[in-house]
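Asker: The file below is run05.csv, CSV, C-alpha atoms and all ligand atoms:
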chain,number,residue,atom,x,y,z
L,1,MET,CA,184.1,-49.2,-116.7
L,2,PHE,CA,182.7,-48.9,-113.1
L,3,HIS,CA,184.7,-50.9,-110.6
L,4,ASP,CA,182.0,-51.4,-108.0
L,5,SER,CA,184.6,-52.1,-105.3
L,6,ILE,CA,186.1,-48.7,-105.6
L,7,ARG,CA,183.7,-46.2,-104.0
L,8,PRO,CA,185.0,-42.8,-103.0
L,9,ARG,CA,181.6,-42.1,-101.4
L,10,ARG,CA,182.6,-44.5,-98.6
L,11,LEU,CA,184.7,-41.8,-97.0
L,12,ARG,CA,181.7,-39.4,-97.1
L,13,THR,CA,179.2,-41.5,-95.2
L,14,SER,CA,179.2,-39.6,-91.9
L,15,ASP,CA,180.1,-36.2,-90.5
L,16,GLY,CA,182.8,-37.7,-88.2
L,17,LEU,CA,184.4,-39.6,-91.0
L,18,ARG,CA,184.4,-36.6,-93.3
L,19,ARG,CA,186.0,-34.5,-90.6
L,20,MET,CA,188.7,-37.2,-90.1
L,21,VAL,CA,189.7,-37.2,-93.8
L,22,ARG,CA,189.7,-33.4,-94.4
L,23,GLU,CA,192.7,-32.4,-96.3
L,24,THR,CA,192.7,-28.7,-95.4
L,25,ARG,CA,193.0,-27.6,-91.8
L,26,LEU,CA,192.5,-24.0,-90.7
L,27,SER,CA,193.5,-22.2,-87.6
L,28,PRO,CA,192.3,-18.8,-86.2
L,29,GLU,CA,196.1,-18.2,-85.8
L,30,SER,CA,196.4,-17.9,-89.6
L,31,LEU,CA,194.0,-15.1,-89.9
L,32,ILE,CA,194.8,-11.4,-90.1
L,33,TRP,CA,192.1,-8.7,-89.7
L,34,PRO,CA,192.4,-5.4,-91.6
L,35,ILE,CA,191.6,-2.3,-89.5
L,36,PHE,CA,191.1,1.3,-90.5
L,37,VAL,CA,192.3,3.9,-88.0
L,38,ALA,CA,191.0,7.4,-88.6
L,39,GLU,CA,192.5,10.6,-87.2
L,40,GLY,CA,190.2,12.4,-84.8
L,41,GLN,CA,188.2,11.6,-81.7
L,42,GLY,CA,185.1,9.6,-81.0
L,43,ILE,CA,185.0,8.1,-84.5
L,44,TYR,CA,183.4,4.6,-84.5
L,45,GLU,CA,181.5,4.5,-87.8
L,46,GLU,CA,180.5,1.6,-90.0
L,47,ILE,CA,182.1,1.8,-93.5
L,48,PRO,CA,179.3,1.9,-96.0
L,49,SER,CA,181.2,0.0,-98.7
L,50,LEU,CA,182.3,-2.7,-96.1
L,51,PRO,CA,179.3,-3.6,-94.0
L,52,GLY,CA,180.4,-4.8,-90.6
L,53,GLN,CA,183.8,-3.0,-90.7
L,54,TYR,CA,184.5,0.3,-89.0
L,55,HIS,CA,186.6,3.4,-88.9
L,56,TYR,CA,188.1,3.7,-85.5
L,57,SER,CA,189.8,6.8,-84.1
L,58,PRO,CA,192.5,5.8,-81.6
L,59,ASP,CA,190.3,6.4,-78.6
L,60,GLN,CA,187.8,4.0,-80.0
L,61,LEU,CA,190.2,1.2,-80.8
L,62,TYR,CA,189.2,-0.5,-77.6
L,63,ARG,CA,186.1,-1.6,-79.4
L,64,MET,CA,188.2,-3.4,-82.0
L,65,VAL,CA,190.2,-5.0,-79.3
L,66,GLU,CA,187.1,-6.2,-77.5
L,67,ARG,CA,185.7,-7.7,-80.7
L,68,ALA,CA,189.0,-9.3,-81.7
L,69,ARG,CA,189.3,-10.9,-78.3
L,70,ALA,CA,185.8,-12.1,-78.2
L,71,HIS,CA,186.5,-14.1,-81.4
L,72,GLY,CA,190.1,-15.1,-80.6
L,73,VAL,CA,191.6,-13.0,-83.4
L,74,SER,CA,195.0,-11.5,-82.4
L,75,ARG,CA,196.6,-10.4,-85.6
L,76,VAL,CA,195.7,-7.1,-87.3
L,77,ILE,CA,196.9,-5.1,-90.3
L,78,LEU,CA,196.5,-1.3,-89.9
L,79,PHE,CA,195.5,1.2,-92.5
L,80,GLY,CA,195.5,4.9,-91.7
L,81,LEU,CA,193.1,7.7,-92.6
L,82,PRO,CA,194.9,11.0,-92.0
L,83,LYS,CA,193.1,14.4,-91.7
L,84,GLU,CA,195.5,16.2,-93.9
L,85,LYS,CA,197.1,15.0,-97.1
L,86,ASP,CA,199.9,16.6,-99.2
L,87,GLU,CA,201.7,16.1,-102.4
L,88,ILE,CA,204.4,13.8,-100.9
L,89,GLY,CA,202.3,12.0,-98.3
L,90,SER,CA,204.4,13.3,-95.4
L,91,GLY,CA,201.7,12.2,-92.9
L,92,ALA,CA,202.7,8.6,-93.6
L,93,TRP,CA,206.0,8.9,-91.7
L,94,ALA,CA,205.1,11.5,-89.1
L,95,GLU,CA,205.9,10.4,-85.6
L,96,ASP,CA,202.4,11.2,-84.5
L,97,GLY,CA,200.8,10.0,-87.7
L,98,ILE,CA,197.6,8.1,-87.5
L,99,VAL,CA,199.0,4.7,-88.0
L,100,GLN,CA,201.8,5.4,-85.5
L,101,GLN,CA,199.1,6.6,-83.0
L,102,GLY,CA,197.1,3.5,-83.7
L,103,ILE,CA,200.0,1.1,-83.1
L,104,ARG,CA,200.8,2.7,-79.7
L,105,LYS,CA,197.2,2.6,-78.7
L,106,ILE,CA,196.7,-1.1,-79.6
L,107,LYS,CA,199.9,-2.1,-77.9
L,108,GLU,CA,198.8,-0.2,-74.7
L,109,LEU,CA,195.3,-1.8,-74.8
L,110,ALA,CA,196.4,-5.3,-75.9
L,111,PRO,CA,200.1,-6.1,-75.7
L,112,GLU,CA,199.3,-9.6,-76.9
L,113,MET,CA,198.0,-8.4,-80.3
L,114,TYR,CA,200.4,-8.8,-83.3
L,115,VAL,CA,200.3,-5.5,-85.2
L,116,ILE,CA,201.2,-5.4,-88.9
L,117,THR,CA,201.2,-2.2,-90.8
L,118,ASP,CA,200.4,-1.5,-94.4
L,119,VAL,CA,203.3,0.6,-95.8
L,120,CYS,CA,202.1,2.8,-98.7
L,121,MET,CA,201.4,6.4,-99.5
L,122,CYS,CA,198.1,6.4,-101.3
L,123,GLU,CA,196.1,7.3,-98.2
L,124,TYR,CA,198.4,10.2,-97.5
L,125,THR,CA,199.0,11.8,-100.9
L,126,SER,CA,196.7,14.5,-102.2
L,127,HIS,CA,196.7,12.9,-105.6
L,128,GLY,CA,196.0,9.3,-104.2
L,129,HIS,CA,198.9,7.6,-106.0
L,130,CYS,CA,201.2,5.2,-104.1
L,131,GLY,CA,204.3,7.4,-104.3
L,132,ILE,CA,206.1,10.6,-105.2
L,133,LEU,CA,205.0,12.0,-108.5
L,134,CYS,CA,207.3,13.1,-111.3
L,135,GLY,CA,205.0,14.6,-113.9
L,136,CYS,CA,202.1,12.2,-114.1
L,137,ASP,CA,203.9,9.1,-113.1
L,138,VAL,CA,205.2,7.8,-109.8
L,139,ASP,CA,209.0,8.1,-109.4
L,140,ASN,CA,210.2,4.7,-108.3
L,141,ASP,CA,213.5,5.6,-106.7
L,142,GLN,CA,212.3,8.7,-104.8
L,143,THR,CA,209.4,6.7,-103.5
L,144,ILE,CA,211.3,3.8,-102.1
L,145,VAL,CA,213.4,6.1,-99.9
L,146,ARG,CA,210.1,7.4,-98.4
L,147,LEU,CA,208.7,3.9,-98.0
L,148,ALA,CA,211.7,3.0,-96.1
L,149,GLN,CA,211.2,6.0,-93.8
L,150,ILE,CA,207.6,5.0,-93.3
L,151,ALA,CA,208.5,1.5,-92.4
L,152,VAL,CA,211.1,2.7,-89.8
L,153,SER,CA,208.5,5.1,-88.3
L,154,HIS,CA,206.0,2.2,-87.9
L,155,ALA,CA,208.6,0.0,-86.3
L,156,ALA,CA,209.7,2.8,-84.0
L,157,ALA,CA,206.0,3.2,-82.9
L,158,GLY,CA,206.0,-0.5,-82.1
L,159,ALA,CA,204.8,-2.3,-85.2
L,160,ASP,CA,205.6,-6.0,-85.1
L,161,MET,CA,205.8,-6.4,-88.9
L,162,VAL,CA,205.6,-4.2,-92.0
L,163,ALA,CA,203.8,-4.9,-95.2
L,164,PRO,CA,204.7,-2.7,-98.3
L,165,SER,CA,201.8,-2.6,-100.7
L,166,ASP,CA,203.0,0.0,-103.3
L,167,MET,CA,204.6,-2.3,-105.9
L,168,MET,CA,207.7,-0.1,-106.5
L,169,ASP,CA,210.8,-1.9,-107.7
L,170,GLY,CA,213.4,-2.4,-105.0
L,171,ARG,CA,211.2,-1.4,-102.1
L,172,VAL,CA,211.8,-4.6,-100.0
L,173,ALA,CA,215.6,-4.1,-100.2
L,174,ALA,CA,215.3,-0.4,-99.3
L,175,ILE,CA,213.0,-1.2,-96.4
L,176,ARG,CA,215.1,-4.1,-95.1
L,177,GLY,CA,218.2,-1.9,-95.2
L,178,ALA,CA,216.6,1.0,-93.4
L,179,LEU,CA,215.0,-1.2,-90.7
L,180,ASP,CA,218.4,-2.9,-90.1
L,181,GLN,CA,220.2,0.4,-89.9
L,182,ASN,CA,217.8,1.6,-87.3
L,183,GLY,CA,218.1,-1.4,-85.1
L,184,PHE,CA,214.9,-3.2,-86.3
L,185,THR,CA,216.6,-6.3,-87.6
L,186,GLY,CA,213.9,-8.4,-85.9
L,187,VAL,CA,210.9,-6.8,-87.7
L,188,PRO,CA,209.8,-9.0,-90.6
L,189,ILE,CA,208.6,-7.8,-94.0
L,190,MET,CA,205.5,-9.3,-95.5
L,191,SER,CA,205.6,-8.0,-99.0
L,192,TYR,CA,202.6,-7.6,-101.3
L,193,ALA,CA,204.8,-9.5,-103.7
L,194,ALA,CA,202.3,-10.0,-106.5
L,195,LYS,CA,199.7,-7.3,-106.3
L,196,TYR,CA,197.5,-6.8,-109.3
L,197,ALA,CA,195.9,-3.6,-110.7
L,198,SER,CA,192.5,-4.9,-109.6
L,199,SER,CA,189.0,-3.6,-109.7
L,200,PHE,CA,188.4,-5.6,-106.5
L,201,TYR,CA,189.9,-2.8,-104.4
L,202,GLY,CA,187.0,-0.4,-105.0
L,203,PRO,CA,185.3,-0.7,-101.6
L,204,PHE,CA,188.7,-0.2,-99.9
L,205,ARG,CA,189.4,2.9,-101.8
L,206,ASP,CA,186.1,4.3,-100.6
L,207,ALA,CA,186.9,3.2,-97.1
L,208,ALA,CA,190.4,4.6,-97.1
L,209,GLY,CA,189.8,7.7,-99.3
L,210,SER,CA,192.7,6.5,-101.4
L,211,ALA,CA,191.4,6.4,-105.0
L,212,PRO,CA,193.8,8.1,-107.4
L,213,SER,CA,192.6,11.5,-108.5
L,214,PHE,CA,193.8,11.0,-112.0
L,215,GLY,CA,194.9,7.9,-114.0
L,216,ASP,CA,195.1,4.5,-112.5
L,217,ARG,CA,197.7,2.3,-110.8
L,218,ARG,CA,198.6,0.2,-113.8
L,219,SER,CA,202.2,1.6,-114.1
L,220,TYR,CA,203.1,0.0,-110.8
L,221,GLN,CA,200.5,-2.7,-109.9
L,222,MET,CA,200.5,-5.8,-112.1
L,223,ASP,CA,198.6,-6.6,-115.3
L,224,TRP,CA,196.1,-9.4,-114.4
L,225,HIS,CA,196.8,-11.2,-117.7
L,226,ASN,CA,200.2,-12.3,-116.3
L,227,SER,CA,201.3,-15.1,-114.0
L,228,ARG,CA,204.9,-15.6,-114.9
L,229,GLU,CA,205.6,-12.0,-114.1
L,230,ALA,CA,204.1,-12.6,-110.7
L,231,ILE,CA,206.7,-15.4,-110.1
L,232,ARG,CA,209.4,-12.9,-111.1
L,233,GLU,CA,208.1,-10.3,-108.7
L,234,CYS,CA,208.0,-12.9,-105.9
L,235,ALA,CA,211.5,-14.2,-106.7
L,236,LEU,CA,212.9,-10.6,-106.6
L,237,ASP,CA,211.2,-10.0,-103.2
L,238,VAL,CA,212.8,-13.2,-101.9
L,239,GLN,CA,216.2,-12.0,-103.0
L,240,GLU,CA,215.6,-8.6,-101.5
L,241,GLY,CA,214.9,-10.1,-98.1
L,242,ALA,CA,211.1,-10.5,-97.8
L,243,ASP,CA,210.0,-12.9,-95.0
L,244,ILE,CA,206.5,-13.6,-96.2
L,245,MET,CA,205.1,-13.2,-99.7
L,246,MET,CA,201.6,-12.1,-100.3
L,247,ILE,CA,199.3,-12.6,-103.3
L,248,LYS,CA,196.5,-10.1,-103.8
L,249,PRO,CA,193.6,-10.3,-104.5
L,250,ALA,CA,193.0,-13.9,-103.4
L,251,MET,CA,190.0,-15.7,-105.1
L,252,SER,CA,190.8,-14.8,-108.7
L,253,TYR,CA,194.5,-15.5,-108.2
L,254,LEU,CA,194.5,-18.9,-106.6
L,255,ASP,CA,196.7,-20.2,-109.5
L,256,LEU,CA,199.4,-17.9,-108.1
L,257,VAL,CA,198.9,-18.9,-104.5
L,258,TYR,CA,199.4,-22.5,-105.7
L,259,GLN,CA,202.5,-21.8,-107.8
L,260,CYS,CA,204.2,-19.7,-105.1
L,261,LYS,CA,203.6,-22.3,-102.5
L,262,GLN,CA,205.3,-24.9,-104.8
L,263,ARG,CA,208.2,-22.7,-105.9
L,264,PHE,CA,209.2,-20.8,-102.8
L,265,GLU,CA,210.1,-21.7,-99.3
L,266,LEU,CA,208.6,-18.6,-97.7
L,267,PRO,CA,205.2,-18.6,-96.0
L,268,VAL,CA,202.5,-17.5,-98.5
L,269,ALA,CA,199.8,-15.1,-97.5
L,270,ALA,CA,196.7,-14.2,-99.6
L,271,TYR,CA,194.6,-11.1,-99.2
L,272,ALA,CA,190.9,-11.6,-99.7
L,273,VAL,CA,190.3,-8.0,-100.6
L,274,SER,CA,187.5,-5.5,-100.0
L,275,GLY,CA,185.7,-6.3,-103.3
L,276,GLU,CA,185.6,-10.1,-102.5
L,277,TYR,CA,184.1,-9.3,-99.1
L,278,ALA,CA,181.6,-6.7,-100.4
L,279,MET,CA,180.4,-9.1,-103.1
L,280,ILE,CA,179.6,-11.8,-100.6
L,281,LYS,CA,177.8,-9.2,-98.4
L,282,ALA,CA,175.8,-7.7,-101.3
L,283,ALA,CA,174.8,-11.1,-102.7
L,284,ALA,CA,173.7,-12.3,-99.3
L,285,LYS,CA,171.7,-9.2,-98.7
L,286,ALA,CA,170.0,-9.7,-102.0
L,287,GLY,CA,169.0,-13.2,-100.8
L,288,LEU,CA,171.1,-14.8,-103.6
L,289,ILE,CA,173.6,-16.8,-101.5
L,290,ASP,CA,174.1,-18.0,-98.0
L,291,GLU,CA,176.7,-15.7,-96.5
L,292,TYR,CA,178.1,-18.1,-94.0
L,293,GLY,CA,178.5,-20.9,-96.4
L,294,VAL,CA,180.1,-18.8,-99.1
L,295,MET,CA,182.4,-17.2,-96.5
L,296,CYS,CA,183.5,-20.6,-95.3
L,297,GLU,CA,184.0,-22.2,-98.7
L,298,SER,CA,185.9,-19.3,-100.2
L,299,ALA,CA,188.3,-19.1,-97.2
L,300,VAL,CA,188.9,-22.9,-97.4
L,301,SER,CA,189.6,-22.7,-101.1
L,302,ILE,CA,192.4,-20.1,-100.5
L,303,PHE,CA,194.0,-22.4,-97.9
L,304,ARG,CA,193.5,-25.5,-100.2
L,305,ALA,CA,195.4,-23.6,-102.9
L,306,GLY,CA,198.3,-23.3,-100.6
L,307,ALA,CA,198.0,-20.2,-98.5
L,308,ASP,CA,199.5,-20.3,-95.0
L,309,ILE,CA,198.0,-17.0,-94.0
L,310,LEU,CA,194.8,-15.2,-94.9
L,311,ILE,CA,194.1,-11.5,-94.6
L,312,THR,CA,190.4,-11.1,-94.5
L,313,TYR,CA,187.6,-8.8,-93.3
L,314,TYR,CA,185.8,-12.0,-92.2
L,315,ALA,CA,188.6,-12.8,-89.7
L,316,CYS,CA,186.3,-12.8,-86.6
L,317,GLU,CA,183.5,-14.8,-88.2
L,318,LEU,CA,185.9,-17.3,-89.7
L,319,ALA,CA,187.7,-17.8,-86.4
L,320,ASP,CA,184.3,-18.7,-84.9
L,321,ALA,CA,183.5,-21.1,-87.9
L,322,ILE,CA,186.9,-22.8,-87.3
L,323,ARG,CA,186.3,-23.2,-83.6
L,324,LYS,CA,182.8,-24.5,-84.1
L,325,GLY,CA,184.3,-27.1,-86.5
L,326,ASP,CA,182.3,-26.0,-89.5
L,327,ILE,CA,185.6,-25.6,-91.3
L,328,GLY,CA,189.1,-26.8,-90.6
L,401,LIG,C1,197.2,0.5,-100.6
L,401,LIG,C2,196.4,-0.7,-100.5
L,401,LIG,C3,195.2,-1.0,-101.2
L,401,LIG,C4,194.7,-2.2,-100.6
L,401,LIG,C5,195.6,-2.6,-99.6
L,401,LIG,N1,196.6,-1.6,-99.6
L,401,LIG,C6,194.5,-0.3,-102.2
L,401,LIG,C7,195.1,-0.1,-103.6
L,401,LIG,O1,196.1,-0.6,-103.9
L,401,LIG,O2,194.5,0.7,-104.3
L,401,LIG,C8,193.5,-2.9,-101.0
L,401,LIG,C9,192.8,-3.7,-100.0
L,401,LIG,C10,191.4,-4.1,-100.3
L,401,LIG,O3,190.8,-3.9,-101.3
L,401,LIG,O4,190.8,-4.8,-99.3
L,401,LIG,N2,198.0,0.6,-101.7
Written as structure tokens, how would this file's structure read?
Answerer:
Amino acid sequence: MFHDSIRPRRLRTSDGLRRMVRETRLSPESLIWPIFVAEGQGIYEEIPSLPGQYHYSPDQLYRMVERARAHGVSRVILFGLPKEKDEIGSGAWAEDGIVQQGIRKIKELAPEMYVITDVCMCEYTSHGHCGILCGCDVDNDQTIVRLAQIAVSHAAAGADMVAPSDMMDGRVAAIRGALDQNGFTGVPIMSYAAKYASSFYGPFRDAAGSAPSFGDRRSYQMDWHNSREAIRECALDVQEGADIMMIKPAMSYLDLVYQCKQRFELPVAAYAVSGEYAMIKAAAKAGLIDEYGVMCESAVSIFRAGADILITYYACELADAIRKGDIG
């Protein structure tokens, strides 16, 4: 039966009213922009799989800083592309490693910028896996010792926060212990708590040169049939001392963003990964969708599900959309 006095459309009658009753509010301060730092000089190259995103050598990072400032984005997460790789990924914890150089450069250029680092080995190992191999599998316990060493080296270079993305068991505790022992008690850990073995990482692996040379990551990243297992992963990371929990990818995993927000007291971050960005770019280029509209709607959906923080290649464009009042 239609109660003609009850009309939800009443609250949709004007733009001003719709804005007043918006349930989801966004801020540019909740956005983190992923940045690829490449070893070498004079490198400022658009990444073919991620249109609009670039490889920057340290001497070119001023371009990233200029763009970030122009859009009011002041949080970045760094990924490194080393020149040399080896079996154990030793470039990842080198004092003059590429991420370490990148951190120092950004801090010199833009002390106000909040610099987070991805802690993983896949960009540094010759085999492309996220840890130390034992036969054909990644050895968990040897790997977490190295991850801890990488996190400490990032903190020593000036990183504000570290974000382990490897999915080894016990890495958060190992990293927390090592940071504390080395005097970095104030450096928070944003753990990729529930990271799935996803096909949405394809464009990133091209961008970072980090595809595994054999096999896949399914013995450490999660099976996307599972959600209860993700809750277990998050609970373990809370116990081990994580400060922020991240769900990755974002759009296909909003059930987990929602559940984690309800169940845990930590801030929840979501990572709208390379494939999510590349799909929007490709569909827009083909004339199939409106890029700006889809970018806005998908970002808002992630916050509506409960995310407090969004890691996104669209950070600059979204910050503008928020400021213009198109969203948030
Ligand atoms: C490193 C790492 C990956 C991503 C973030 N950190 C790739 C992977 O796990 O294969 C993916 C990010 C993206 O797709 O945007 N382990």
Asker: May I have the residues within 12 Å of Pro8 in chain L as a PDB file with C-alpha atoms, keeping the file's coordinate frame, using all atoms listed in the file and disregarding those fewer than 4 positions away in the same chain?
Answerer:
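Now in result.pdb:
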ATOM      1  CA  HIS L   3     184.700 -50.900-110.600  1.00  0.00           C
ATOM      2  CA  ASP L   4     182.000 -51.400-108.000  1.00  0.00           C
ATOM      3  CA  ARG L  12     181.700 -39.400 -97.100  1.00  0.00           C
ATOM      4  CA  THR L  13     179.200 -41.500 -95.200  1.00  0.00           C
ATOM      5  CA  ARG L  18     184.400 -36.600 -93.300  1.00  0.00           C
ATOM      6  CA  VAL L  21     189.700 -37.200 -93.800  1.00  0.00           C
TER       7      VAL L  21
END
Asker: May I ask you to write as an MDAnalysis selection string all residues lying at most 8 Å from ligand LIG 401 (chain L), with all atoms listed in the file counted?
Answerer: chainID L and resid 34 79 118:123 130 165:166 195 197:198 200:205 210:211 217 221 249 271:275 312:313
Asker: Which of these residues is nearest to Tyr56 in chain L, using all atoms listed in the file: L:Tyr192, L:Tyr44, L:Phe303, L:Phe264?
Answerer: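 Looking at the shortest contact to Tyr56 in chain L, the residue is L:Tyr44.
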Asker: Choose the residue, out of L:Gln142, L:Ser90, L:Ser191, L:Ser153, that has the smallest atom-to-atom separation from Ala242 in chain L; count only C-alpha atoms.
Answerer: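 With only C-alpha atoms as the atom set, the closest residue is L:Ser191.
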Asker: Counting all atoms listed in the file, which of L:Tyr292, L:Tyr114, L:Trp224, L:Tyr258 gets nearest to Arg304 in chain L?
Answerer: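 Ranking L:Tyr292, L:Tyr114, L:Trp224, L:Tyr258 by distance to Arg304 in chain L, first place goes to L:Tyr258.
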Asker: Set the distance at 8 Å and use only C-alpha atoms: which residues neighbour Ile106 in chain L once local chain neighbours fewer than 5 positions away are removed? I'd like the list as a ChimeraX atom specification.
Answerer: /L:61-62,65,111,113,115
Asker: Do you have the CA of Gln181 in chain L-CA of Thr117 in chain L distance handy?
Answerer: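 One can read the CA of Gln181 in chain L to CA of Thr117 in chain L distance as 19.2 Å.
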Asker: So how far away is CA of Gln60 in chain L from CA of Leu78 in chain L, in Å?
Answerer: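 We find that CA of Leu78 in chain L and CA of Gln60 in chain L lie 14.2 Å from each other.
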Asker: Residues within 12 Å of range 14-17 of chain L, please, as a PyMOL selection string. Count all atoms listed in the file; anything in the same chain fewer than 4 positions from it doesn't count.
Answerer: chain L and resi 9-10+21-22+325-327
Asker: If I take CA of Ser213 in chain L and CA of His127 in chain L, how far is one from the other in Å, to one decimal?
Answerer: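 So the answer is 5.2 Å.
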Asker: Please determine, counting only C-alpha atoms, which residue among L:His71, L:His154, L:His55, L:Lys107 has the shortest atom-to-atom distance to Gln41 in chain L.
Answerer: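 So, comparing all the options, the nearest one is L:His55.
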Asker: Quick one: residues within 12 Å of range 238-240 of chain L, all atoms listed in the file, excluding same-chain residues fewer than 3 positions away - as a PDB file with C-alpha atoms, in the frame of the given file?
Answerer:
ATOM      1  CA  ASP L 169     210.800  -1.900-107.700  1.00  0.00           C
ATOM      2  CA  GLY L 170     213.400  -2.400-105.000  1.00  0.00           C
ATOM      3  CA  ARG L 171     211.200  -1.400-102.100  1.00  0.00           C
ATOM      4  CA  VAL L 172     211.800  -4.600-100.000  1.00  0.00           C
ATOM      5  CA  ALA L 173     215.600  -4.100-100.200  1.00  0.00           C
ATOM      6  CA  ALA L 174     215.300  -0.400 -99.300  1.00  0.00           C
ATOM      7  CA  ILE L 175     213.000  -1.200 -96.400  1.00  0.00           C
ATOM      8  CA  ARG L 176     215.100  -4.100 -95.100  1.00  0.00           C
ATOM      9  CA  GLY L 177     218.200  -1.900 -95.200  1.00  0.00           C
ATOM     10  CA  ILE L 189     208.600  -7.800 -94.000  1.00  0.00           C
ATOM     11  CA  MET L 190     205.500  -9.300 -95.500  1.00  0.00           C
ATOM     12  CA  SER L 191     205.600  -8.000 -99.000  1.00  0.00           C
ATOM     13  CA  TYR L 192     202.600  -7.600-101.300  1.00  0.00           C
ATOM     14  CA  ALA L 193     204.800  -9.500-103.700  1.00  0.00           C
ATOM     15  CA  ALA L 194     202.300 -10.000-106.500  1.00  0.00           C
ATOM     16  CA  ILE L 231     206.700 -15.400-110.100  1.00  0.00           C
ATOM     17  CA  ARG L 232     209.400 -12.900-111.100  1.00  0.00           C
ATOM     18  CA  GLU L 233     208.100 -10.300-108.700  1.00  0.00           C
ATOM     19  CA  CYS L 234     208.000 -12.900-105.900  1.00  0.00           C
ATOM     20  CA  ALA L 235     211.500 -14.200-106.700  1.00  0.00           C
ATOM     21  CA  ASP L 243     210.000 -12.900 -95.000  1.00  0.00           C
ATOM     22  CA  ILE L 244     206.500 -13.600 -96.200  1.00  0.00           C
ATOM     23  CA  MET L 245     205.100 -13.200 -99.700  1.00  0.00           C
ATOM     24  CA  MET L 246     201.600 -12.100-100.300  1.00  0.00           C
ATOM     25  CA  CYS L 260     204.200 -19.700-105.100  1.00  0.00           C
ATOM     26  CA  ARG L 263     208.200 -22.700-105.900  1.00  0.00           C
ATOM     27  CA  PHE L 264     209.200 -20.800-102.800  1.00  0.00           C
ATOM     28  CA  GLU L 265     210.100 -21.700 -99.300  1.00  0.00           C
ATOM     29  CA  LEU L 266     208.600 -18.600 -97.700  1.00  0.00           C
ATOM     30  CA  PRO L 267     205.200 -18.600 -96.000  1.00  0.00           C
ATOM     31  CA  VAL L 268     202.500 -17.500 -98.500  1.00  0.00           C
TER      32      VAL L 268
END
Asker: Of the residues L:Ile289, L:Met161, L:Ile150, L:Leu310, which is the one nearest to Ala270 in chain L, using all atoms listed in the file?
Answerer: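 Ranking L:Ile289, L:Met161, L:Ile150, L:Leu310 by distance to Ala270 in chain L, first place goes to L:Leu310.
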